[in-house]
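Asks: The structure's right below; bear with me while I get my questions together.
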Amino acid sequence: MVFGNGEQSRDFTYVQNVVDANLLACSAGPDAAGEVINVACGERITLNELAGAIQDALGKQVGVDYAAPRPGDIKHSLADIAKARRLLGYNPEVSFARDWNRRWRGTQHVR
């Protein structure tokens, strides 16, 4: 179910990026201690683009159900990862736009 027209965007990230950032935080210097740090890809993907990526990965069209927008829902979300880059040396290795389909195919042998 997509609430709204699907053009709202989010900054999706792959779990490996989160693991990498946490490992970097374990060995980060004292400037990182106690800091709140965004971990993400730093790129926006619309929900319609996400639906398209899922359809491409599945190799078939999948219907998307749209409903009225929810009150108070955020239209666009994009994480600022500058602090993670500066304090942790973080750079997301997995980009949704570049790597999602490849990562999806890699899970297909696991059942």
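Chains: A, B, ... in order of the structure tokens. Residues: from 1 per chain. Ligands: from 1, in order shown.
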List as a ChimeraX atom specification the protein and nucleic acid residues near range 39-50 of chain A, meaning an atom at most 6 Å away when only C-alpha atoms are counted, but skip any in the same chain fewer than 6 places from it.
Replies: /A:6-11,13,78-79,92
Asks: For Pro69 in chain A, work out the shell of residues within 9 Å, counting only C-alpha atoms and skipping chain neighbours fewer than 3 positions away, then give it as a VMD selection string.
Replies: chain A and resid 2 to 5 66 72 to 73
Asks: Extract, using only C-alpha atoms, all DNA, RNA and protein residues at most 8 Å from range 25-28 of chain A, discarding same-chain residues fewer than 4 positions from it, and format them as JSON, numbers by chain.
Replies: {"A": [21, 32, 33, 87, 88]}
Asks: Among the residues of chain A, find those DSSP assigns to alpha helix (DSSP H) from the backbone and print them as JSON, numbers by chain.
Replies: {"A": [15, 16, 17, 18, 19, 20, 21, 22, 23, 24, 25, 26, 47, 48, 49, 50, 51, 52, 53, 54, 55, 56, 57, 58, 82, 83, 84, 85, 86, 87, 88, 96, 97, 98, 99, 100, 101, 102, 103, 104, 105, 106, 107]}
Asks: Mind listing the strand (DSSP E) residues of chain A, per DSSP on the backbone, as a JSON list (two decimals) with C-alpha atoms, in the first residue's frame?
Replies:
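That gives us selection_19.json:
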[["chain", "number", "residue", "atom", "x", "y", "z"],
["A", 2, "VAL", "CA", 1.39, 3.37, -1.02],
["A", 3, "PHE", "CA", -0.16, 6.35, 0.71],
["A", 9, "SER", "CA", 10.98, 9.92, -1.41],
["A", 10, "ARG", "CA", 13.07, 8.21, 1.22],
["A", 45, "ILE", "CA", 14.43, 7.13, -4.06],
["A", 46, "THR", "CA", 10.71, 7.64, -4.67],
["A", 66, "TYR", "CA", -2.48, 3.66, -3.81],
["A", 67, "ALA", "CA", -4.48, 5.26, -1.01]]
Asks: Taking only C-alpha atoms into account, name the residue in A:His76, A:Met1, A:Asp65, A:Asn17 that is nearest to Asn38 in chain A.
Replies: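 Result for the nearest residue to Asn38 in chain A: A:Asn17.
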Asks: Using Å and a single decimal, report how far CA of Arg70 in chain A sits from CA of Tyr14 in chain A.
Replies: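 Rounded to one decimal, the two atoms are 25.9 Å apart.
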Asks: May I ask for the distance between CA of Glu93 in chain A and CA of Gln16 in chain A, given in Å to one decimal place?
Replies: 8.0 Å
Asks: To one decimal in Å, tell me the separation between CA of Ile37 in chain A and CA of Lys83 in chain A.
Replies: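 Separation between CA of Ile37 in chain A and CA of Lys83 in chain A: 6.3 Å.
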